[in-house]
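The data block below is model_32.pdb; it holds PDB, C-alpha atoms, pLDDT in the B column.
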MODEL        1
ATOM      1  CA  MET A  19      10.457-100.506  50.322  1.00 48.00           C
ATOM      2  CA  GLY A  20       9.943 -98.079  47.422  1.00 59.00           C
ATOM      3  CA  ASP A  21      12.558 -96.272  45.385  1.00 72.00           C
ATOM      4  CA  THR A  22      14.426 -93.603  47.332  1.00 83.00           C
ATOM      5  CA  ALA A  23      16.236 -90.445  46.315  1.00 84.00           C
ATOM      6  CA  GLY A  24      19.501 -92.214  47.222  1.00 84.00           C
ATOM      7  CA  LEU A  25      18.729 -95.063  44.836  1.00 86.00           C
ATOM      8  CA  HIS A  26      17.922 -92.620  42.029  1.00 84.00           C
ATOM      9  CA  GLN A  27      21.110 -90.649  42.751  1.00 81.00           C
ATOM     10  CA  LEU A  28      23.235 -93.812  42.585  1.00 78.00           C
ATOM     11  CA  LYS A  29      21.590 -94.974  39.349  1.00 78.00           C
ATOM     12  CA  ASP A  30      22.076 -91.512  37.816  1.00 77.00           C
ATOM     13  CA  ALA A  31      25.752 -91.446  38.814  1.00 74.00           C
ATOM     14  CA  ILE A  32      26.340 -94.849  37.229  1.00 71.00           C
ATOM     15  CA  ASN A  33      24.404 -93.892  34.096  1.00 67.00           C
ATOM     16  CA  ARG A  34      26.361 -90.622  33.762  1.00 64.00           C
ATOM     17  CA  GLY A  35      29.657 -92.518  33.766  1.00 58.00           C
ATOM     18  CA  THR A  36      31.556 -92.807  30.541  1.00 47.00           C
ATOM     19  CA  ALA A  37      32.169 -96.137  28.823  1.00 46.00           C
ATOM     20  CA  GLU A  38      35.024 -96.535  31.312  1.00 50.00           C
ATOM     21  CA  GLY A  39      32.698 -95.918  34.271  1.00 57.00           C
ATOM     22  CA  ILE A  40      33.297 -93.707  37.299  1.00 62.00           C
ATOM     23  CA  GLY A  41      35.287 -93.810  40.524  1.00 79.00           C
ATOM     24  CA  ILE A  42      36.731 -96.859  42.242  1.00 85.00           C
ATOM     25  CA  GLY A  43      34.361 -99.165  40.383  1.00 85.00           C
ATOM     26  CA  SER A  44      35.878 -98.023  37.114  1.00 83.00           C
ATOM     27  CA  LEU A  45      39.406 -98.426  38.408  1.00 88.00           C
ATOM     28  CA  LEU A  46      38.770-102.048  39.398  1.00 92.00           C
ATOM     29  CA  GLY A  47      36.310-102.952  36.643  1.00 92.00           C
ATOM     30  CA  MET A  48      33.324-103.441  38.961  1.00 92.00           C
ATOM     31  CA  THR A  49      29.893-103.357  37.400  1.00 91.00           C
ATOM     32  CA  ALA A  50      26.487-103.057  39.019  1.00 91.00           C
ATOM     33  CA  GLU A  51      24.302-106.111  38.551  1.00 93.00           C
ATOM     34  CA  THR A  52      21.521-105.070  40.934  1.00 93.00           C
ATOM     35  CA  LEU A  53      20.567-101.701  42.433  1.00 93.00           C
ATOM     36  CA  GLU A  54      17.458-101.668  44.600  1.00 95.00           C
ATOM     37  CA  PRO A  55      16.487-100.091  47.918  1.00 95.00           C
ATOM     38  CA  GLY A  56      18.690-101.587  50.617  1.00 96.00           C
ATOM     39  CA  ARG A  57      20.440-104.067  48.307  1.00 97.00           C
ATOM     40  CA  VAL A  58      23.272-103.773  45.798  1.00 96.00           C
ATOM     41  CA  VAL A  59      25.145-106.438  43.842  1.00 97.00           C
ATOM     42  CA  PHE A  60      28.466-105.718  42.160  1.00 96.00           C
ATOM     43  CA  VAL A  61      30.451-108.124  39.985  1.00 96.00           C
ATOM     44  CA  LEU A  62      34.177-108.114  39.315  1.00 96.00           C
ATOM     45  CA  ASP A  63      36.521-110.203  37.195  1.00 97.00           C
ATOM     46  CA  PRO A  64      39.888-110.745  38.897  1.00 97.00           C
ATOM     47  CA  SER A  65      42.933-109.366  37.122  1.00 95.00           C
ATOM     48  CA  PRO A  66      46.662-110.104  37.448  1.00 96.00           C
ATOM     49  CA  LYS A  67      46.898-106.485  38.675  1.00 96.00           C
ATOM     50  CA  PHE A  68      45.002-107.611  41.805  1.00 97.00           C
ATOM     51  CA  SER A  69      47.675-110.132  42.811  1.00 96.00           C
ATOM     52  CA  ASN A  70      49.251-110.378  46.231  1.00 96.00           C
ATOM     53  CA  PRO A  71      52.749-111.917  46.637  1.00 95.00           C
ATOM     54  CA  LEU A  72      51.162-115.392  46.868  1.00 95.00           C
ATOM     55  CA  GLY A  73      49.572-115.060  43.423  1.00 96.00           C
ATOM     56  CA  THR A  74      45.955-114.798  44.583  1.00 97.00           C
ATOM     57  CA  VAL A  75      43.583-111.824  44.719  1.00 98.00           C
ATOM     58  CA  HIS A  76      44.766-109.324  47.342  1.00 98.00           C
ATOM     59  CA  GLY A  77      42.464-108.946  50.352  1.00 98.00           C
ATOM     60  CA  GLY A  78      42.287-105.205  49.766  1.00 98.00           C
ATOM     61  CA  ILE A  79      40.431-105.847  46.511  1.00 98.00           C
ATOM     62  CA  LEU A  80      37.868-108.008  48.303  1.00 98.00           C
ATOM     63  CA  SER A  81      37.595-105.403  51.077  1.00 98.00           C
ATOM     64  CA  THR A  82      36.992-102.646  48.520  1.00 97.00           C
ATOM     65  CA  LEU A  83      34.360-104.744  46.779  1.00 97.00           C
ATOM     66  CA  LEU A  84      32.578-105.337  50.100  1.00 98.00           C
ATOM     67  CA  ASP A  85      32.884-101.704  51.223  1.00 97.00           C
ATOM     68  CA  SER A  86      31.482-100.539  47.895  1.00 95.00           C
ATOM     69  CA  ALA A  87      28.509-102.922  47.890  1.00 96.00           C
ATOM     70  CA  MET A  88      27.597-102.417  51.539  1.00 98.00           C
ATOM     71  CA  GLY A  89      28.054 -98.627  51.381  1.00 96.00           C
ATOM     72  CA  CYS A  90      26.059 -98.335  48.178  1.00 94.00           C
ATOM     73  CA  ALA A  91      23.283-100.444  49.752  1.00 97.00           C
ATOM     74  CA  VAL A  92      23.093 -97.783  52.474  1.00 97.00           C
ATOM     75  CA  HIS A  93      23.189 -95.075  49.793  1.00 94.00           C
ATOM     76  CA  THR A  94      20.155 -96.600  48.034  1.00 94.00           C
ATOM     77  CA  SER A  95      18.155 -96.224  51.254  1.00 95.00           C
ATOM     78  CA  LEU A  96      18.849 -92.550  51.950  1.00 94.00           C
ATOM     79  CA  PRO A  97      16.418 -89.674  51.479  1.00 92.00           C
ATOM     80  CA  GLU A  98      17.188 -86.754  49.186  1.00 88.00           C
ATOM     81  CA  GLY A  99      20.062 -84.609  50.424  1.00 90.00           C
ATOM     82  CA  ALA A 100      21.403 -87.192  52.882  1.00 93.00           C
ATOM     83  CA  ALA A 101      24.940 -88.562  52.708  1.00 94.00           C
ATOM     84  CA  TYR A 102      27.013 -91.233  54.453  1.00 96.00           C
ATOM     85  CA  THR A 103      30.546 -92.385  55.111  1.00 97.00           C
ATOM     86  CA  THR A 104      32.000 -95.661  56.341  1.00 97.00           C
ATOM     87  CA  LEU A 105      32.925 -95.569  60.035  1.00 97.00           C
ATOM     88  CA  GLU A 106      33.899 -99.208  60.425  1.00 98.00           C
ATOM     89  CA  LEU A 107      34.560-102.085  58.063  1.00 98.00           C
ATOM     90  CA  LYS A 108      34.998-105.684  59.207  1.00 98.00           C
ATOM     91  CA  VAL A 109      36.047-108.309  56.669  1.00 98.00           C
ATOM     92  CA  ASN A 110      36.478-112.062  57.034  1.00 98.00           C
ATOM     93  CA  PHE A 111      38.446-113.890  54.331  1.00 98.00           C
ATOM     94  CA  VAL A 112      37.182-117.464  53.968  1.00 98.00           C
ATOM     95  CA  ARG A 113      39.259-118.882  51.115  1.00 97.00           C
ATOM     96  CA  PRO A 114      41.875-117.683  48.629  1.00 97.00           C
ATOM     97  CA  VAL A 115      40.696-116.341  45.284  1.00 98.00           C
ATOM     98  CA  PRO A 116      42.754-117.409  42.262  1.00 97.00           C
ATOM     99  CA  LEU A 117      43.385-114.770  39.626  1.00 96.00           C
ATOM    100  CA  ASP A 118      41.831-117.035  36.982  1.00 95.00           C
ATOM    101  CA  GLY A 119      38.917-118.203  39.142  1.00 93.00           C
ATOM    102  CA  GLY A 120      36.180-116.358  37.270  1.00 96.00           C
ATOM    103  CA  THR A 121      33.760-113.604  38.164  1.00 98.00           C
ATOM    104  CA  LEU A 122      33.265-112.549  41.780  1.00 98.00           C
ATOM    105  CA  ARG A 123      29.790-111.499  42.891  1.00 98.00           C
ATOM    106  CA  CYS A 124      29.320-109.272  45.945  1.00 98.00           C
ATOM    107  CA  GLU A 125      25.960-108.560  47.531  1.00 98.00           C
ATOM    108  CA  GLY A 126      25.557-105.803  50.100  1.00 98.00           C
ATOM    109  CA  THR A 127      22.400-105.280  52.159  1.00 98.00           C
ATOM    110  CA  VAL A 128      21.236-102.833  54.803  1.00 98.00           C
ATOM    111  CA  LEU A 129      20.609-104.305  58.241  1.00 98.00           C
ATOM    112  CA  HIS A 130      19.642-101.079  60.012  1.00 98.00           C
ATOM    113  CA  LEU A 131      19.056 -97.532  58.806  1.00 97.00           C
ATOM    114  CA  GLY A 132      18.773 -94.951  61.545  1.00 96.00           C
ATOM    115  CA  ARG A 133      18.905 -91.171  61.546  1.00 94.00           C
ATOM    116  CA  ARG A 134      22.652 -91.092  62.306  1.00 96.00           C
ATOM    117  CA  VAL A 135      23.941 -94.652  61.913  1.00 98.00           C
ATOM    118  CA  ALA A 136      23.380 -97.400  59.365  1.00 98.00           C
ATOM    119  CA  THR A 137      24.709-100.950  59.414  1.00 98.00           C
ATOM    120  CA  GLY A 138      25.023-103.440  56.623  1.00 98.00           C
ATOM    121  CA  GLU A 139      26.422-106.804  55.665  1.00 98.00           C
ATOM    122  CA  GLY A 140      27.895-108.270  52.549  1.00 98.00           C
ATOM    123  CA  HIS A 141      29.262-111.448  51.068  1.00 98.00           C
ATOM    124  CA  VAL A 142      31.470-112.274  48.097  1.00 98.00           C
ATOM    125  CA  VAL A 143      31.077-115.534  46.224  1.00 98.00           C
ATOM    126  CA  ASN A 144      33.257-116.979  43.468  1.00 98.00           C
ATOM    127  CA  ALA A 145      32.124-118.266  40.077  1.00 97.00           C
ATOM    128  CA  ASP A 146      31.188-121.596  41.714  1.00 97.00           C
ATOM    129  CA  GLY A 147      28.963-119.825  44.252  1.00 98.00           C
ATOM    130  CA  LYS A 148      31.357-120.559  47.140  1.00 98.00           C
ATOM    131  CA  LEU A 149      31.799-117.921  49.822  1.00 98.00           C
ATOM    132  CA  VAL A 150      35.239-116.281  49.650  1.00 98.00           C
ATOM    133  CA  ALA A 151      34.728-113.295  51.991  1.00 98.00           C
ATOM    134  CA  HIS A 152      32.043-111.626  54.079  1.00 98.00           C
ATOM    135  CA  GLY A 153      31.829-108.512  56.156  1.00 98.00           C
ATOM    136  CA  THR A 154      29.875-105.867  57.987  1.00 98.00           C
ATOM    137  CA  THR A 155      29.878-102.094  57.917  1.00 98.00           C
ATOM    138  CA  THR A 156      28.843 -99.251  60.161  1.00 98.00           C
ATOM    139  CA  CYS A 157      28.156 -96.006  58.351  1.00 98.00           C
ATOM    140  CA  MET A 158      27.610 -92.501  59.699  1.00 98.00           C
ATOM    141  CA  VAL A 159      24.550 -90.925  58.114  1.00 97.00           C
ATOM    142  CA  PHE A 160      24.466 -87.191  57.485  1.00 96.00           C
ATOM    143  CA  PRO A 161      20.817 -86.126  57.331  1.00 91.00           C
ATOM    144  CA  PRO A 162      19.643 -83.587  54.792  1.00 88.00           C
ATOM    145  CA  ALA A 163      20.393 -79.986  55.737  1.00 84.00           C
ATOM    146  CA  GLY A 164      17.435 -78.018  56.886  1.00 71.00           C
TER     147      GLY A 164
ENDMDL
END
Let me see whether you can do it: turn the structure in this file into structure tokens.
Amino acid sequence: MGDTAGLHQLKDAINRGTAEGIGIGSLLGMTAETLEPGRVVFVLDPSPKFSNPLGTVHGGILSTLLDSAMGCAVHTSLPEGAAYTTLELKVNFVRPVPLDGGTLRCEGTVLHLGRRVATGEGHVVNADGKLVAHGTTTCMVFPPAG
């Protein structure tokens, strides 16, 4: 699969960000490791700010990481002028993530890209390469106007 307008748009948005980055990725400290058609990898270092009452990384952080990677994987596959939004997000938490457990790596990939609906999957692994969460997404695709 060759480069798409969606991939170029995502790369441009990331490159236009300030040193602090842009959007939710900036807020959480996510960085893009891989951006290619149909596949995105984000990395994130846990922070004490991400703690739940049990002292581990809150599931909402892992869900956001998955939603971002899977959604951006869809984004990289879209033609110029198209857009998307998440319709459904399903997350499975496999094991707790300690706040000092090292870098998390989340890979999102496109499973299906249709004219109106796209689906994707993602997985988060810890610094030891062990699965900590995985999920799926269904996105509504808005085709280019015209």
> In Å to one decimal, how far is atom CA of A:Met88 from atom CA of A:Gly164?
Replying inline: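 Rounded to one decimal, the two atoms are 27.0 Å apart.
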>> Rounded to one decimal, what separation in Å do you get between atom CA of A:Thr155 and atom CA of A:Thr82?
In response: 11.8 Å
Return as JSON lines the residues of stretch 22-123 of chain A lying at most 9 Å from stretch 135-140 of chain A, together with the closest atom-to-atom pair for each and the distance in Å to one decimal, counting only C-alpha atoms, with rows in chain order and ascending residue number.
{"residue": "A:Gly56", "atom": "CA", "partner": "A:Gly138", "partner_atom": "CA", "distance": 8.9}
{"residue": "A:Leu84", "atom": "CA", "partner": "A:Gly140", "partner_atom": "CA", "distance": 6.0}
{"residue": "A:Asp85", "atom": "CA", "partner": "A:Gly140", "partner_atom": "CA", "distance": 8.4}
{"residue": "A:Ala87", "atom": "CA", "partner": "A:Gly140", "partner_atom": "CA", "distance": 7.1}
{"residue": "A:Met88", "atom": "CA", "partner": "A:Gly138", "partner_atom": "CA", "distance": 5.8}
{"residue": "A:Gly89", "atom": "CA", "partner": "A:Gly138", "partner_atom": "CA", "distance": 7.7}
{"residue": "A:Ala91", "atom": "CA", "partner": "A:Gly138", "partner_atom": "CA", "distance": 7.7}
{"residue": "A:Val92", "atom": "CA", "partner": "A:Ala136", "partner_atom": "CA", "distance": 6.9}
{"residue": "A:Tyr102", "atom": "CA", "partner": "A:Ala136", "partner_atom": "CA", "distance": 8.7}
>> Calculated over only C-alpha atoms, which of the candidates A:Gly99, A:Gly132, A:Gly41, A:Gly78 has the smallest distance to A:Met158?
In response: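 Checking each candidate against A:Met158, we get A:Gly132 as the closest.
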> For A:Val143, which residue among A:Pro55, A:Pro161, A:Pro114, A:Pro66 is the nearest when counting all atoms listed in the file?
Replying inline: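 So, comparing all the options, the nearest one is A:Pro114.
For the pair atom CA of A:Ile79 and atom CA of A:Thr22, the separation is 28.8 Å.
For the structure shown here, the set of residues caught by the PyMOL selection byres ((chain A and resi 96-98) around 7) is Thr22, Ala23, Gly24, Val92, His93, Thr94, Ser95, Gly99, Ala100 and Pro162 of chain A.
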Please produce a file of those selected residues containing C-alpha atoms, as a JSON list (two decimals), keeping the file's coordinate frame.
[["chain", "number", "residue", "atom", "x", "y", "z"],
["A", 22, "THR", "CA", 14.43, -93.60, 47.33],
["A", 23, "ALA", "CA", 16.24, -90.44, 46.32],
["A", 24, "GLY", "CA", 19.50, -92.21, 47.22],
["A", 92, "VAL", "CA", 23.09, -97.78, 52.47],
["A", 93, "HIS", "CA", 23.19, -95.08, 49.79],
["A", 94, "THR", "CA", 20.16, -96.60, 48.03],
["A", 95, "SER", "CA", 18.16, -96.22, 51.25],
["A", 99, "GLY", "CA", 20.06, -84.61, 50.42],
["A", 100, "ALA", "CA", 21.40, -87.19, 52.88],
["A", 162, "PRO", "CA", 19.64, -83.59, 54.79]]
> For A:Met48, which residue among A:Leu28, A:Leu62, A:Ala145, A:Ala163 is the nearest when counting all atoms listed in the file?
Replying inline: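 The closest residue to A:Met48 is A:Leu62.
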>> Show me, as a list of chain:residue names, the residues that have an atom within 8 Å of A:Asp21 when counting all atoms listed in the file, minus same-chain residues fewer than 4 positions from it.
In response: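 With the cut-off at 8 Å, the set is A:Leu25, A:His26, A:Glu54, A:Pro55.
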>> Could you list, as an NGL selection string, every residue matched by the PyMOL selection byres ((chain A and resi 110) around 8) in this structure?
In response: :A and (108-109 or 111-112 or 151-153)
>> Taking all atoms listed in the file into account, name the residue in A:Cys90, A:Leu72, A:Thr156, A:Val128 that is nearest to A:Val115.
In response: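 The answer is A:Leu72, which sits nearest to A:Val115.
Between A:Thr127 and the candidates A:Ser81, A:Ser86, A:Gln27, A:Ser65, the tightest atom-to-atom separation, counting all atoms listed in the file, involves A:Ser86.
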Coordinates of box centre and edge lengths for stretch 51-69 of chain A, 8 Å on every side, axis-aligned, as lines of an AutoDock Vina configuration file:
center_x = 32.1
center_y = -105.4
center_z = 43.9
size_x = 47.2
size_y = 26.7
size_z = 29.5
> Around (37.1, -89.9, 61.7) in the file's own coordinates, what residues are found within 12 Å if you use all atoms listed in the file, given back as a PyMOL selection string?
Replying inline: chain A and resi 103-106+157-158
